[in-house]
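Trainee: My file is data_1.csv. It has CSV, C-alpha atoms and all ligand atoms:
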chain,number,residue,atom,x,y,z
A,1,MET,CA,-6.5,-24.1,-11.1
A,2,PRO,CA,-8.9,-23.1,-8.3
A,3,ILE,CA,-7.5,-22.6,-4.8
A,4,THR,CA,-7.2,-26.0,-3.0
A,5,GLY,CA,-8.7,-24.9,0.3
A,6,ILE,CA,-9.6,-21.7,2.2
A,7,TYR,CA,-9.5,-21.2,5.9
A,8,GLY,CA,-10.5,-18.5,8.4
A,9,PRO,CA,-10.8,-17.9,12.1
A,10,ASP,CA,-14.0,-20.0,12.4
A,11,ASP,CA,-12.1,-23.1,11.1
A,12,PHE,CA,-10.0,-23.3,14.3
A,13,THR,CA,-11.9,-24.1,17.5
A,14,ASN,CA,-8.6,-23.7,19.5
A,15,ARG,CA,-7.9,-20.2,18.1
A,16,PRO,CA,-6.5,-18.0,20.9
A,17,GLN,CA,-7.8,-14.5,21.6
A,18,ALA,CA,-5.8,-11.9,19.7
A,19,GLN,CA,-2.7,-10.9,21.7
A,20,THR,CA,-1.4,-7.5,22.4
A,21,ALA,CA,0.5,-6.3,19.3
A,22,ARG,CA,4.2,-6.3,19.6
A,23,THR,CA,4.7,-3.2,17.4
A,24,HIS,CA,3.9,0.1,18.9
A,25,VAL,CA,3.1,3.6,17.8
A,26,MET,CA,4.8,6.0,20.2
A,27,PRO,CA,3.6,9.6,20.8
A,28,ALA,CA,5.8,12.5,19.9
A,29,ARG,CA,8.9,12.9,21.9
A,30,THR,CA,8.8,15.7,24.5
A,31,GLY,CA,11.0,18.6,23.6
A,32,ALA,CA,11.2,17.6,19.9
A,33,ALA,CA,8.5,19.9,18.6
A,34,LEU,CA,9.3,22.8,16.3
A,35,PRO,CA,7.0,25.9,16.2
A,36,MET,CA,4.1,25.9,13.6
A,37,PRO,CA,5.1,27.9,10.5
A,38,SER,CA,2.9,30.5,8.9
A,39,LEU,CA,0.3,28.9,6.6
A,40,GLU,CA,-0.8,32.1,4.9
A,41,TRP,CA,-1.2,32.2,1.1
A,42,THR,CA,1.2,34.9,0.0
A,43,PRO,CA,2.8,35.9,-3.3
A,44,GLU,CA,6.0,34.3,-2.0
A,45,VAL,CA,4.2,31.0,-1.4
A,46,GLU,CA,2.5,31.2,-4.8
A,47,GLN,CA,5.9,31.7,-6.5
A,48,ALA,CA,7.7,29.0,-4.5
A,49,THR,CA,5.0,26.4,-5.2
A,50,ALA,CA,4.2,27.3,-8.9
A,51,HIS,CA,6.3,24.4,-10.2
A,52,LEU,CA,4.5,22.0,-8.0
A,53,TYR,CA,1.1,23.2,-9.1
A,54,GLU,CA,2.2,22.5,-12.7
A,55,ARG,CA,2.3,18.8,-11.7
A,56,VAL,CA,-1.3,18.6,-10.4
A,57,LYS,CA,-3.1,21.4,-12.4
A,58,HIS,CA,-5.2,18.8,-14.2
A,59,VAL,CA,-6.6,17.2,-11.0
A,60,ILE,CA,-6.6,20.1,-8.5
A,61,PRO,CA,-8.7,23.2,-9.4
A,62,PRO,CA,-6.9,26.6,-9.1
A,63,ILE,CA,-9.4,27.6,-6.4
A,64,GLU,CA,-8.2,24.8,-4.1
A,65,TRP,CA,-4.4,25.4,-4.5
A,66,PRO,CA,-4.2,28.4,-2.1
A,67,LEU,CA,-5.6,26.2,0.6
A,68,MET,CA,-2.9,23.5,0.1
A,69,ALA,CA,0.2,25.4,-1.1
A,70,PRO,CA,1.3,27.0,2.2
A,71,THR,CA,1.2,23.5,3.9
A,72,ILE,CA,3.1,21.9,1.0
A,73,LYS,CA,5.8,24.6,1.2
A,74,ALA,CA,6.1,24.2,5.0
A,75,ILE,CA,6.3,20.4,4.6
A,76,ASN,CA,9.1,20.6,2.0
A,77,GLU,CA,11.1,23.0,4.1
A,78,LEU,CA,10.7,20.9,7.2
A,79,LYS,CA,11.8,17.8,5.4
A,80,ARG,CA,15.2,19.5,4.8
A,81,ALA,CA,15.4,20.8,8.3
A,82,ARG,CA,14.7,17.4,9.8
A,83,ASN,CA,16.7,15.4,7.2
A,84,ALA,CA,13.5,13.4,6.4
A,85,VAL,CA,12.1,11.6,3.4
A,86,ILE,CA,8.5,11.0,2.5
A,87,LEU,CA,7.5,7.7,1.0
A,88,ALA,CA,4.0,7.7,-0.5
A,89,HIS,CA,1.9,4.9,-1.8
A,90,ASN,CA,0.1,5.3,-5.2
A,91,TYR,CA,-3.2,5.6,-3.2
A,92,GLN,CA,-2.2,8.9,-1.6
A,93,THR,CA,-4.0,12.0,-2.9
A,94,PRO,CA,-2.2,14.0,-5.7
A,95,GLU,CA,-1.2,16.9,-3.4
A,96,ILE,CA,0.7,14.4,-1.3
A,97,PHE,CA,1.9,12.0,-4.1
A,98,HIS,CA,3.0,14.7,-6.5
A,99,CYS,CA,3.9,17.6,-4.3
A,100,VAL,CA,5.6,16.4,-1.0
A,101,ALA,CA,6.6,12.8,-1.6
A,102,ASP,CA,10.3,12.0,-2.4
A,103,ILE,CA,9.5,8.5,-3.5
A,104,GLY,CA,6.1,7.2,-4.7
A,105,GLY,CA,5.1,3.7,-5.8
A,106,ASP,CA,3.5,0.4,-5.1
A,107,SER,CA,4.2,-1.7,-2.0
A,108,LEU,CA,7.2,-3.5,-3.6
A,109,GLN,CA,8.8,-0.2,-4.8
A,110,LEU,CA,8.3,1.4,-1.4
A,111,ALA,CA,9.9,-1.6,0.3
A,112,VAL,CA,12.8,-1.7,-2.1
A,113,GLU,CA,13.3,2.1,-1.8
A,114,ALA,CA,13.1,1.9,2.0
A,115,THR,CA,16.3,-0.2,1.9
A,116,LYS,CA,18.2,2.7,0.2
A,117,VAL,CA,17.1,5.6,2.5
A,118,LYS,CA,20.0,7.8,3.7
A,119,ALA,CA,17.9,10.3,5.6
A,120,ASP,CA,17.4,10.1,9.4
A,121,ILE,CA,13.6,10.1,9.3
A,122,ILE,CA,11.1,8.3,7.1
A,123,VAL,CA,7.6,9.7,7.0
A,124,GLN,CA,5.4,6.9,5.7
A,125,CYS,CA,2.4,8.2,3.8
A,126,GLY,CA,0.5,5.0,3.5
A,127,VAL,CA,-0.9,2.5,6.0
A,128,HIS,CA,0.5,1.0,9.2
A,129,PHE,CA,1.9,-2.2,7.7
A,130,MET,CA,3.9,-0.1,5.2
A,131,ALA,CA,5.4,1.9,8.0
A,132,GLU,CA,6.3,-1.3,9.8
A,133,THR,CA,8.0,-2.6,6.7
A,134,SER,CA,10.0,0.6,6.4
A,135,LYS,CA,11.0,0.2,10.1
A,136,LEU,CA,11.9,-3.5,9.6
A,137,LEU,CA,14.3,-2.4,6.8
A,138,ASN,CA,15.6,0.6,8.7
A,139,PRO,CA,15.8,-0.4,12.3
A,140,ASP,CA,18.1,2.5,13.2
A,141,LYS,CA,16.0,5.2,11.6
A,142,THR,CA,13.0,7.0,13.0
A,143,VAL,CA,9.9,5.9,11.1
A,144,LEU,CA,6.8,8.1,11.5
A,145,ILE,CA,3.2,7.6,10.4
A,146,PRO,CA,1.1,10.7,10.4
A,147,ASP,CA,-2.0,8.9,11.6
A,148,GLN,CA,-1.6,5.6,13.5
A,149,ARG,CA,-5.2,4.6,12.8
A,150,ALA,CA,-4.3,4.1,9.1
A,151,GLY,CA,-4.9,0.3,9.1
A,152,CYS,CA,-5.9,-2.3,6.5
A,153,SER,CA,-8.7,-4.9,6.4
A,154,LEU,CA,-6.2,-7.5,5.1
A,155,ALA,CA,-3.6,-6.9,7.9
A,156,ALA,CA,-6.4,-7.0,10.5
A,157,SER,CA,-7.8,-10.3,9.2
A,158,ILE,CA,-5.0,-12.6,10.6
A,159,THR,CA,-2.7,-12.9,13.6
A,160,GLY,CA,0.6,-14.7,14.2
A,161,ALA,CA,-1.3,-17.4,16.1
A,162,ASP,CA,-3.4,-18.1,13.0
A,163,VAL,CA,-0.3,-18.7,11.0
A,164,ARG,CA,0.9,-21.2,13.7
A,165,LEU,CA,-2.5,-23.0,13.5
A,166,LEU,CA,-2.2,-23.2,9.7
A,167,ARG,CA,1.3,-24.7,10.0
A,168,GLU,CA,0.0,-27.3,12.5
A,169,LYS,CA,-2.8,-28.2,10.0
A,170,PHE,CA,-0.4,-28.4,7.0
A,171,PRO,CA,3.0,-29.5,8.4
A,172,GLY,CA,5.9,-28.8,6.1
A,173,VAL,CA,3.9,-26.6,3.7
A,174,PRO,CA,5.7,-23.2,3.2
A,175,VAL,CA,3.8,-20.0,4.0
A,176,VAL,CA,3.8,-16.9,1.9
A,177,ALA,CA,2.4,-13.7,3.4
A,178,TYR,CA,1.3,-10.7,1.3
A,179,VAL,CA,3.1,-7.6,2.7
A,180,ASN,CA,-0.4,-6.4,3.8
A,181,THR,CA,0.1,-8.1,7.1
A,182,SER,CA,1.4,-7.1,10.5
A,183,ALA,CA,5.1,-7.6,11.5
A,184,GLU,CA,3.8,-10.3,14.0
A,185,VAL,CA,2.4,-12.3,11.0
A,186,LYS,CA,5.6,-11.6,8.9
A,187,ALA,CA,7.6,-13.1,11.7
A,188,GLU,CA,5.8,-16.5,11.4
A,189,VAL,CA,6.0,-17.0,7.6
A,190,ASP,CA,8.7,-18.1,5.2
A,191,ILE,CA,8.6,-15.2,2.7
A,192,CYS,CA,6.6,-12.1,1.9
A,193,CYS,CA,5.2,-11.1,-1.5
A,194,THR,CA,3.4,-8.1,-3.0
A,195,SER,CA,0.9,-8.0,-5.8
A,196,SER,CA,3.8,-7.3,-8.2
A,197,ASN,CA,5.7,-10.5,-7.5
A,198,ALA,CA,3.2,-12.9,-5.9
A,199,VAL,CA,3.4,-15.6,-8.6
A,200,GLN,CA,7.2,-15.4,-8.8
A,201,VAL,CA,7.5,-15.7,-5.0
A,202,VAL,CA,5.1,-18.7,-4.8
A,203,GLU,CA,7.1,-20.5,-7.6
A,204,SER,CA,10.4,-19.7,-6.1
A,205,LEU,CA,9.7,-22.1,-3.2
A,206,ASN,CA,9.7,-25.1,-5.5
A,207,ALA,CA,6.9,-26.7,-3.4
A,208,PRO,CA,3.8,-28.6,-4.7
A,209,SER,CA,1.6,-26.7,-2.2
A,210,VAL,CA,1.9,-23.3,-0.6
A,211,ILE,CA,-0.2,-21.5,2.1
A,212,PHE,CA,-0.9,-18.0,0.7
A,213,LEU,CA,-2.3,-15.5,3.1
A,214,PRO,CA,-4.3,-13.4,3.9
A,215,ASP,CA,-6.0,-12.2,0.7
A,216,ARG,CA,-8.4,-14.8,-0.7
A,217,TYR,CA,-8.7,-13.0,-4.0
A,218,LEU,CA,-5.0,-12.4,-4.6
A,219,ALA,CA,-4.6,-16.1,-3.7
A,220,SER,CA,-7.1,-17.2,-6.4
A,221,TYR,CA,-5.4,-14.9,-8.9
A,222,VAL,CA,-2.1,-16.5,-8.1
A,223,ALA,CA,-3.7,-20.0,-8.3
A,224,SER,CA,-4.9,-19.1,-11.8
A,225,LYS,CA,-1.4,-18.4,-12.9
A,226,THR,CA,0.6,-21.3,-11.5
A,227,ASP,CA,0.4,-25.1,-11.1
A,228,VAL,CA,1.4,-24.8,-7.4
A,229,LYS,CA,-1.6,-25.8,-5.2
A,230,ILE,CA,-2.7,-22.8,-3.2
A,231,ILE,CA,-4.2,-23.0,0.3
A,232,ALA,CA,-5.7,-19.6,1.2
A,233,TRP,CA,-6.9,-17.5,4.1
A,234,LYS,CA,-10.4,-15.8,4.2
A,235,GLY,CA,-9.1,-12.1,4.3
A,236,ALA,CA,-10.2,-9.5,1.7
A,237,CYS,CA,-9.4,-5.9,0.9
A,238,GLU,CA,-12.5,-3.9,1.9
A,239,VAL,CA,-11.9,-1.6,-1.1
A,240,HIS,CA,-11.4,-4.1,-3.9
A,241,GLU,CA,-13.9,-6.7,-2.8
A,242,ARG,CA,-16.8,-4.2,-3.4
A,243,PHE,CA,-16.3,-4.2,-7.2
A,244,THR,CA,-18.5,-6.5,-9.2
A,245,GLY,CA,-18.4,-8.1,-12.6
A,246,ASP,CA,-21.8,-6.5,-13.4
A,247,GLU,CA,-20.4,-3.1,-12.8
A,248,LEU,CA,-17.6,-3.7,-15.3
A,249,ARG,CA,-20.0,-5.2,-17.9
A,250,SER,CA,-22.3,-2.1,-17.6
A,251,LEU,CA,-19.3,0.2,-18.2
A,252,ARG,CA,-18.3,-1.8,-21.3
A,253,GLU,CA,-21.9,-1.8,-22.6
A,254,ALA,CA,-22.0,2.0,-22.2
A,255,ASP,CA,-18.7,2.4,-24.2
A,256,PRO,CA,-17.3,-0.7,-25.9
A,257,SER,CA,-14.1,1.2,-26.6
A,258,VAL,CA,-13.2,1.7,-22.9
A,259,GLN,CA,-10.2,-0.1,-21.5
A,260,ILE,CA,-10.6,-1.5,-18.0
A,261,ILE,CA,-7.7,-2.5,-15.8
A,262,ALA,CA,-8.0,-4.0,-12.4
A,263,HIS,CA,-6.0,-4.8,-9.2
A,264,PRO,CA,-5.6,-8.6,-8.3
A,265,GLU,CA,-7.2,-7.9,-4.9
A,266,CYS,CA,-10.5,-7.8,-6.8
A,267,PRO,CA,-12.8,-10.9,-6.9
A,268,PRO,CA,-12.3,-13.3,-9.9
A,269,ASP,CA,-15.6,-12.3,-11.7
A,270,VAL,CA,-14.2,-8.7,-11.8
A,271,LEU,CA,-10.8,-9.8,-13.1
A,272,ALA,CA,-12.5,-11.9,-15.8
A,273,GLU,CA,-13.9,-8.7,-17.3
A,274,ALA,CA,-10.7,-6.7,-17.2
A,275,ASP,CA,-8.4,-6.1,-20.1
A,276,PHE,CA,-5.3,-6.2,-17.8
A,277,THR,CA,-4.7,-7.2,-14.2
A,278,GLY,CA,-1.7,-5.9,-12.2
A,279,SER,CA,-0.4,-4.3,-9.1
A,280,THR,CA,-0.7,-0.5,-8.9
A,281,ALA,CA,2.8,-0.1,-10.4
A,282,HIS,CA,2.0,-2.5,-13.2
A,283,MET,CA,-1.2,-0.7,-13.9
A,284,ILE,CA,0.6,2.6,-14.2
A,285,ASN,CA,3.2,1.1,-16.5
A,286,TRP,CA,0.4,-0.4,-18.6
A,287,VAL,CA,-1.2,3.0,-19.0
A,288,ARG,CA,2.1,4.7,-19.9
A,289,ALA,CA,2.8,2.1,-22.6
A,290,LYS,CA,-0.8,1.9,-24.1
A,291,ARG,CA,-2.1,5.4,-23.6
A,292,PRO,CA,-5.7,4.4,-24.0
A,293,LYS,CA,-8.2,7.1,-24.9
A,294,ARG,CA,-10.7,6.2,-22.2
A,295,LEU,CA,-9.8,4.2,-19.1
A,296,VAL,CA,-11.3,2.7,-16.0
A,297,MET,CA,-8.9,1.8,-13.1
A,298,ILE,CA,-10.7,-0.7,-10.9
A,299,THR,CA,-8.9,0.2,-7.7
A,300,GLU,CA,-8.6,3.0,-5.1
A,301,CYS,CA,-9.7,6.4,-6.3
A,302,SER,CA,-6.4,8.4,-6.0
A,303,MET,CA,-4.7,6.1,-8.5
A,304,ALA,CA,-6.8,7.6,-11.3
A,305,ASP,CA,-6.1,11.1,-10.1
A,306,ASN,CA,-2.3,10.5,-9.9
A,307,VAL,CA,-2.2,8.9,-13.3
A,308,HIS,CA,-4.3,11.6,-14.9
A,309,ALA,CA,-2.1,14.3,-13.4
A,310,GLU,CA,0.8,12.7,-15.3
A,311,LEU,CA,-1.1,11.7,-18.4
A,312,PRO,CA,-3.9,14.2,-18.9
A,313,ASP,CA,-4.7,13.0,-22.4
A,314,VAL,CA,-6.0,9.7,-20.9
A,315,GLU,CA,-9.7,10.3,-20.0
A,316,MET,CA,-10.5,8.6,-16.7
A,317,LEU,CA,-13.9,7.2,-15.8
A,318,ARG,CA,-14.0,6.9,-12.1
A,319,PRO,CA,-16.1,4.1,-10.6
A,320,CYS,CA,-13.5,3.8,-7.9
A,321,ASN,CA,-13.7,3.0,-4.2
A,322,LEU,CA,-11.9,5.0,-1.5
A,323,CYS,CA,-9.7,3.4,1.1
A,324,PRO,CA,-10.6,5.0,4.4
A,325,HIS,CA,-7.2,4.0,5.9
A,326,MET,CA,-5.1,5.6,3.1
A,327,LYS,CA,-7.3,8.7,3.3
A,328,ARG,CA,-6.4,9.2,7.0
A,329,ILE,CA,-3.1,10.7,5.8
A,330,THR,CA,-3.4,14.4,5.0
A,331,LEU,CA,-1.2,17.4,4.4
A,332,ALA,CA,-2.1,18.7,7.9
A,333,ASN,CA,-1.1,15.5,9.7
A,334,ILE,CA,2.1,15.1,7.6
A,335,LEU,CA,3.1,18.6,8.7
A,336,GLU,CA,2.2,17.8,12.3
A,337,SER,CA,4.3,14.6,12.1
A,338,LEU,CA,7.4,16.6,10.9
A,339,LEU,CA,6.8,19.3,13.6
A,340,THR,CA,6.4,16.9,16.5
A,341,LEU,CA,8.2,13.8,15.3
A,342,GLY,CA,5.1,11.8,16.1
A,343,GLU,CA,3.8,9.1,15.7
A,344,GLU,CA,6.8,6.8,15.8
A,345,VAL,CA,6.6,3.2,14.8
A,346,THR,CA,8.6,0.8,16.9
A,347,ILE,CA,8.9,-3.0,16.7
A,348,GLU,CA,10.2,-5.4,19.4
A,349,PRO,CA,13.7,-6.4,18.4
A,350,GLU,CA,13.2,-10.2,18.6
A,351,LEU,CA,10.1,-10.0,16.5
A,352,ALA,CA,11.7,-7.6,14.0
A,353,VAL,CA,14.6,-10.0,13.3
A,354,ARG,CA,12.2,-12.7,12.3
A,355,ALA,CA,9.8,-10.4,10.3
A,356,ARG,CA,12.7,-8.7,8.5
A,357,ARG,CA,14.0,-12.1,7.3
A,358,SER,CA,10.7,-12.7,5.4
A,359,VAL,CA,10.7,-9.3,3.8
A,360,GLU,CA,14.4,-9.5,2.9
A,361,ARG,CA,13.9,-12.9,1.3
A,362,MET,CA,11.4,-11.3,-1.0
A,363,ILE,CA,13.6,-8.3,-1.9
A,364,ASN,CA,16.6,-10.5,-2.5
A,365,LEU,CA,14.7,-12.8,-5.0
A,366,LYS,CA,16.3,-12.4,-8.5
A,367,ASN,CA,14.0,-10.9,-11.1
B,1,LIG,P1,0.2,-2.5,-4.5
B,1,LIG,O1,0.4,-1.0,-4.6
B,1,LIG,O2,1.4,-3.2,-4.1
B,1,LIG,O3,-0.4,-3.0,-5.8
B,1,LIG,O4,-0.9,-2.7,-3.3
B,1,LIG,C1,-2.2,-2.3,-3.4
B,1,LIG,C2,-2.8,-2.0,-2.0
B,1,LIG,O5,-3.9,-2.3,-1.8
B,1,LIG,C3,-1.9,-1.5,-1.0
B,1,LIG,O6,-2.6,-1.4,0.2
B,2,LIG,FE1,-5.7,-2.4,2.8
B,2,LIG,FE2,-7.3,-2.4,0.7
B,2,LIG,FE3,-6.8,-0.1,1.9
B,2,LIG,FE4,-4.8,-1.4,0.5
B,2,LIG,S1,-6.7,-0.5,-0.3
B,2,LIG,S2,-4.7,-0.5,2.6
B,2,LIG,S3,-5.3,-3.5,0.9
B,2,LIG,S4,-7.9,-1.8,2.8
In structure tokens, how does this file's structure come out?
Ligand code: 13P
Ligand code: SF4
Mentor:
Amino acid sequence: MPITGIYGPDDFTNRPQAQTARTHVMPARTGAALPMPSLEWTPEVEQATAHLYERVKHVIPPIEWPLMAPTIKAINELKRARNAVILAHNYQTPEIFHCVADIGGDSLQLAVEATKVKADIIVQCGVHFMAETSKLLNPDKTVLIPDQRAGCSLAASITGADVRLLREKFPGVPVVAYVNTSAEVKAEVDICCTSSNAVQVVESLNAPSVIFLPDRYLASYVASKTDVKIIAWKGACEVHERFTGDELRSLREADPSVQIIAHPECPPDVLAEADFTGSTAHMINWVRAKRPKRLVMITECSMADNVHAELPDVEMLRPCNLCPHMKRITLANILESLLTLGEEVTIEPELAVRARRSVERMINLKN
């Protein structure tokens, strides 16, 4: 059924000004820095990274490898020296995702894997809300984000005060927050979800109505899959909202055999044209199982590169959109992060206790 209501900042005349965030990104600690290693392309570097080039040779031209390989080797050595792990989202570029990440995946996989980390340091190659989630689940570890400006249009669309206003308007209605929210918002809600488990999370509450925020399009996708009445927020992903149904129809007209799969952050007219809708991990699993000849992934550009690196026989058409926030993470700033131990994500302890509860409730849901 369609979503029951949709609200945004303009619907609340008493909406307070945004408060100062209670999560922080601390600069590198003084005295912690290690010296910059040599980043020369040498026969030794070529040999040491040859097995990594094998993983990305279908998506990174040989001429570009000498520019990347010395930094990749230095990062992998520093990870050992620092006892650090790198968690990378599926939207990270192939040289990060396939060559320096220890764990890659969608938001749910990264959150679950974050609960199992043994290392002292987590370097989050993704956006700020992902680093916050890792910190919530690992309060005693150092969590670093290579560029603190890696934000998200969804996380920026709503504040903790907005959630309190929604609760006043709909007393007793439970609130589900997409993980693409700040810790401040997570602290105000009943449970989190990702695009992998959104329908399951909504139904787990056994309520006739649920407030689902902040993604209006993920909310309408969930509403189409459940009888629970969904009250939504007016947020949107700036990457997925740009796709159109017309774009997908033209692709199909040009080649009726093409398979098109889309992320549920896309608008409903886009999802109506897709052969499959799922989170980034569900999309990857679908491609592994179906092995289509020609494929379009209606999502962030690096997804197609990362899948093509693994499955070169699947021909990718790439009408993708780049996420400017994900693309702030580079080999150069990952290296910098490991050298200087900056920039560290911290969350005020009282806020962290409440936000952690919402994330853990989601992780502890039975499959
Ligand atoms: P998933 O990888 O969980 O599908 O999320 C997509 C996304 O946009 C993350 O920012
Ligand atoms: Fe946020 Fe969209 Fe970028 Fe994901 S792709 S980080 S949802 S702006």
Trainee: Could the residues that lie within 8 Å of ligand LIG 2 (chain B), counting all atoms listed in the file, be listed as number ranges by chain?
Mentor: A: 91, 126-127, 150-155, 180, 236-240, 265, 299-300, 322-326
Trainee: I'd like the contact shell of stretch 247-254 of chain A - 12 Å cut-off, all atoms listed in the file, skipping same-chain residues fewer than 3 positions apart - returned as a compact mmCIF listing (two decimals) with C-alpha atoms, in the frame of the given file.
Mentor:
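So the final result, stored in around-v3.txt, reads:
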# COMPACT_ATOMS: atom_id res chain seq x y z
CA ARG A 242 -16.80 -4.20 -3.40
CA PHE A 243 -16.30 -4.20 -7.20
CA THR A 244 -18.50 -6.50 -9.20
CA SER A 257 -14.10 1.20 -26.60
CA VAL A 258 -13.20 1.70 -22.90
CA GLN A 259 -10.20 -0.10 -21.50
CA ILE A 260 -10.60 -1.50 -18.00
CA ILE A 261 -7.70 -2.50 -15.80
CA ALA A 262 -8.00 -4.00 -12.40
CA CYS A 266 -10.50 -7.80 -6.80
CA ASP A 269 -15.60 -12.30 -11.70
CA VAL A 270 -14.20 -8.70 -11.80
CA LEU A 271 -10.80 -9.80 -13.10
CA ALA A 272 -12.50 -11.90 -15.80
CA GLU A 273 -13.90 -8.70 -17.30
CA ALA A 274 -10.70 -6.70 -17.20
CA ASP A 275 -8.40 -6.10 -20.10
CA ARG A 294 -10.70 6.20 -22.20
CA LEU A 295 -9.80 4.20 -19.10
CA VAL A 296 -11.30 2.70 -16.00
CA MET A 297 -8.90 1.80 -13.10
CA ILE A 298 -10.70 -0.70 -10.90
CA LEU A 317 -13.90 7.20 -15.80
CA ARG A 318 -14.00 6.90 -12.10
CA PRO A 319 -16.10 4.10 -10.60
CA CYS A 320 -13.50 3.80 -7.90
Trainee: At a cut-off of 6 Å around ligand LIG 1 (chain B), and using only C-alpha atoms and all ligand atoms, what residues come up? Please write them as a PyMOL selection string.
Mentor: chain A and resi 106-108+194-195+279-280
Trainee: Could you name the residues that touch A:Ala183 at 12 Å or less, counting all atoms listed in the file, but leaving out those on the same chain fewer than 5 positions away, as a PyMOL selection string?
Mentor: chain A and resi 21-24+128-137+155-156+158-160+177-178+188-189+192+345-359
Trainee: Take the residues that were just selected and, keeping C-alpha atoms, output them as a short mmCIF file (atom, residue, chain, number, x, y, z; two decimals), keeping the file's coordinate frame.
Mentor:
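Output below, filename again.cif:
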data_model
loop_
_atom_site.label_atom_id
_atom_site.label_comp_id
_atom_site.auth_asym_id
_atom_site.auth_seq_id
_atom_site.Cartn_x
_atom_site.Cartn_y
_atom_site.Cartn_z
CA ALA A 21 0.50 -6.30 19.30
CA ARG A 22 4.20 -6.30 19.60
CA THR A 23 4.70 -3.20 17.40
CA HIS A 24 3.90 0.10 18.90
CA HIS A 128 0.50 1.00 9.20
CA PHE A 129 1.90 -2.20 7.70
CA MET A 130 3.90 -0.10 5.20
CA ALA A 131 5.40 1.90 8.00
CA GLU A 132 6.30 -1.30 9.80
CA THR A 133 8.00 -2.60 6.70
CA SER A 134 10.00 0.60 6.40
CA LYS A 135 11.00 0.20 10.10
CA LEU A 136 11.90 -3.50 9.60
CA LEU A 137 14.30 -2.40 6.80
CA ALA A 155 -3.60 -6.90 7.90
CA ALA A 156 -6.40 -7.00 10.50
CA ILE A 158 -5.00 -12.60 10.60
CA THR A 159 -2.70 -12.90 13.60
CA GLY A 160 0.60 -14.70 14.20
CA ALA A 177 2.40 -13.70 3.40
CA TYR A 178 1.30 -10.70 1.30
CA GLU A 188 5.80 -16.50 11.40
CA VAL A 189 6.00 -17.00 7.60
CA CYS A 192 6.60 -12.10 1.90
CA VAL A 345 6.60 3.20 14.80
CA THR A 346 8.60 0.80 16.90
CA ILE A 347 8.90 -3.00 16.70
CA GLU A 348 10.20 -5.40 19.40
CA PRO A 349 13.70 -6.40 18.40
CA GLU A 350 13.20 -10.20 18.60
CA LEU A 351 10.10 -10.00 16.50
CA ALA A 352 11.70 -7.60 14.00
CA VAL A 353 14.60 -10.00 13.30
CA ARG A 354 12.20 -12.70 12.30
CA ALA A 355 9.80 -10.40 10.30
CA ARG A 356 12.70 -8.70 8.50
CA ARG A 357 14.00 -12.10 7.30
CA SER A 358 10.70 -12.70 5.40
CA VAL A 359 10.70 -9.30 3.80
#
Trainee: Select, from A:Glu54, A:Glu64, A:Glu95, A:Asp120, the residue with the minimum atom-to-atom distance to A:Leu341, counting all atoms listed in the file.
Mentor: A:Asp120
Trainee: State, in Å with one decimal place, the distance from atom CA of A:Val123 to atom CA of A:Pro94.
Mentor: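 Between atom CA of A:Val123 and atom CA of A:Pro94 the gap works out to 16.6 Å.
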Trainee: Skip A:Ala219 itself and residues of its chain fewer than 6 positions away, then list as a PyMOL selection string all residues within 9 Å of it, counting all atoms listed in the file.
Mentor: chain A and resi 3+198+212-213+230-233+264-265
Trainee: To one decimal place, how far is atom CA of A:Cys125 from atom CA of A:Leu331 in Å?
Mentor: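 Distance between the two atoms: 9.9 Å.
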Trainee: Rounded to one decimal, what separation in Å do you get between atom CA of A:Pro208 and atom CA of A:Val228?
Mentor: 5.2 Å
